[in-house]
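Novice: Handing you a structure now.
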Amino acid sequence: MSKKSRKKSSKTPSGSPTPKKKALKTRATTQTKAAKTQRTPASQSTATIAKSASHGATSKQLNSAKSARPPAKPALTEGQKAPAFRLPRDGGGVATLSDYAGQKLVLFFYPRADTPGCTREAIDFTRLTGAFTAAGTAVLGISADSLKAQEKFRDKHSLKVPLISDEKHEMLEAYGAWGEKSMYGKSFLGILRTTVLVGSDGKVAKIWRNVRVDGHADQVLETARSL
């Protein structure tokens, strides 16, 4: 067979490549597609990781913003005008600062009604009610307990001092008796045992913070007498 005949016979009648060459071309195309298929998940994975990292950073910033505390209010100091208040009291009605205009006023803030320390403190102020009256001084007890709890506390221990309910912590915050406390290694917000003596001029005469109950009411009485 001549060379020209052999060249013609290497092609199919339609002029297309032989089955062998077509198989090689098909294999190459398949490998290319496979390589692209393998690369695609990797690029998607990278994008997913980047997106997740971005989301994590945003969440961290949001959590940090939520945990950020608002600036603390300036603490009440002696010599300042006593903050006004208007809150419900045991027995019905309301108690306001203006009710005691022109006389001295003791405000003792206690953490919780009918707990041991708070009970002793309220009983001590009750015991000295007559002496405070003689010194021209009224006495009020304040906590965040409900009116029902305050009245139950009053009746159980025969308390003679009016008890104010400040469930929204408005007066507690104004007088610096609401803040951070710790117990068993955990920090939380709560009532700080505090006593404030307001003079007859409506200004804060004395503040006792982190009060220790024993002997405290007697100390407050002596200070009230000295004004």
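Chain labels A, B, ... are given in the sequence in which chains occur in the structure tokens; within each chain residues are numbered consecutively from 1, and ligands are likewise numbered from 1 in the order shown.
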Extract, using only C-alpha atoms, all DNA, RNA and protein residues at most 12 Å from segment 176-187 of chain A, discarding same-chain residues fewer than 3 positions from it, and format them as an MDAnalysis selection string.
Specialist: chainID A and resid 69 72:78 82:83 107:111 142:144 166:173 190:196 207:211
Novice: With only C-alpha atoms as the counted atoms, please give the residues lying no more than 12 Å from Ala135 of chain A, apart from itself and same-chain residues fewer than 6 positions off, as a list of chain:residue names.
Specialist: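 Everything that qualifies: A:Gln103, A:Lys104, A:Leu105, A:Val106, A:Leu128, A:Thr129, A:Gly199, A:Ser200, A:Val220, A:Leu221, A:Glu222, A:Thr223, A:Ala224, A:Arg225, A:Ser226, A:Leu227.
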Novice: Could you tell me how far atom CA of Arg89 of chain A lies from atom CA of Arg212 of chain A, in Å and to one decimal?
Specialist: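 Here the two named atoms are 24.8 Å from each other.
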Novice: Would you list, as a list in words, the residues of segment 84-143 of chain A that end up in helix (DSSP H, G or I) under DSSP run on this structure's backbone?
Specialist: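 Here is the list: Leu97, Ser98, Asp99, Tyr100, Pro116, Gly117, Cys118, Thr119, Arg120, Glu121, Ala122, Ile123, Asp124, Phe125, Thr126, Arg127, Thr129, Gly130, Ala131, Phe132, Thr133 and Ala134 of chain A.
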Novice: Which one of A:Ile123, A:Ala95, A:Ala101, A:Cys118 sits closest to Asp218 of chain A if you count only C-alpha atoms?
Specialist: A:Ile123
Novice: What's the 7 Å shell around Thr96 of chain A, counting only C-alpha atoms, without same-chain residues fewer than 2 positions away, as a list in words?
Specialist: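 Residues meeting the cut-off are Phe85, Arg86, Leu87, Val94, Ser98 and Asp99 of chain A.
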Novice: Given the choices A:Gly215, A:Thr133, A:Asp155, A:Ala138, which gets closest to Leu97 of chain A if the distance is worked out from only C-alpha atoms?
Specialist: A:Ala138
Novice: Atom CA of Val198 of chain A to atom CA of Gly93 of chain A: how many Å, to one decimal?
Specialist: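 A separation of 21.9 Å between them.
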Novice: For Lys156 of chain A, work out the shell of residues within 12 Å, counting only C-alpha atoms and skipping chain neighbours fewer than 3 positions away, then give it as a list in words.
Specialist: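 Here the qualifying residues turn out to be Ala113, Asp114, Thr115, Thr119, Ala122, Ile123, Ala149, Gln150, Glu151, Lys152, Phe153, Leu159 and Lys160 of chain A.
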Novice: Those same residues, written as a short mmCIF file (atom, residue, chain, number, x, y, z; two decimals), in the first residue's frame with N, CA, C and O atoms?
Specialist:
```cif
data_model
loop_
_atom_site.label_atom_id
_atom_site.label_comp_id
_atom_site.auth_asym_id
_atom_site.auth_seq_id
_atom_site.Cartn_x
_atom_site.Cartn_y
_atom_site.Cartn_z
N ALA A 113 -36.45 42.48 103.17
CA ALA A 113 -37.31 42.36 104.34
C ALA A 113 -37.25 40.96 104.95
O ALA A 113 -37.17 39.96 104.25
N ASP A 114 -37.28 40.95 106.28
CA ASP A 114 -37.37 39.71 107.06
C ASP A 114 -36.16 38.79 106.93
O ASP A 114 -36.27 37.59 107.14
N THR A 115 -35.02 39.36 106.59
CA THR A 115 -33.76 38.61 106.66
C THR A 115 -33.09 39.00 107.98
O THR A 115 -33.41 40.07 108.55
N THR A 119 -33.79 42.57 109.76
CA THR A 119 -34.76 42.51 110.86
C THR A 119 -34.19 43.19 112.11
O THR A 119 -34.87 43.99 112.76
N ALA A 122 -34.17 47.03 111.56
CA ALA A 122 -35.50 47.64 111.64
C ALA A 122 -36.03 47.65 113.07
O ALA A 122 -36.67 48.61 113.51
N ILE A 123 -35.75 46.58 113.82
CA ILE A 123 -36.18 46.51 115.22
C ILE A 123 -35.45 47.57 116.05
O ILE A 123 -36.05 48.21 116.93
N ALA A 149 -44.83 42.42 100.88
CA ALA A 149 -43.72 41.89 101.68
C ALA A 149 -43.36 42.85 102.81
O ALA A 149 -43.05 42.42 103.93
N GLN A 150 -43.41 44.15 102.53
CA GLN A 150 -43.11 45.15 103.56
C GLN A 150 -44.12 45.08 104.70
O GLN A 150 -43.77 45.16 105.88
N GLU A 151 -45.38 44.96 104.36
CA GLU A 151 -46.43 44.91 105.38
C GLU A 151 -46.36 43.63 106.20
O GLU A 151 -46.59 43.63 107.42
N LYS A 152 -46.01 42.54 105.56
CA LYS A 152 -45.83 41.28 106.28
C LYS A 152 -44.65 41.39 107.24
O LYS A 152 -44.71 40.91 108.38
N PHE A 153 -43.59 42.03 106.79
CA PHE A 153 -42.40 42.27 107.61
C PHE A 153 -42.77 43.13 108.82
O PHE A 153 -42.38 42.83 109.96
N LEU A 159 -43.08 46.44 113.73
CA LEU A 159 -42.24 47.59 113.41
C LEU A 159 -43.06 48.88 113.45
O LEU A 159 -44.22 48.90 113.05
N LYS A 160 -42.44 49.95 113.93
CA LYS A 160 -43.13 51.24 114.06
C LYS A 160 -42.62 52.30 113.09
O LYS A 160 -43.09 53.43 113.11
#
```
Novice: Step one, run DSSP on the backbone; step two, keep only residues of segment 108-155 of chain A assigned to strand (DSSP E); then write them as a PyMOL selection string.
Specialist: chain A and resi 108-109+137-143
Novice: One number please: atom CA of Lys81 of chain A to atom CA of Tyr175 of chain A, in Å, one decimal.
Specialist: 10.9 Å
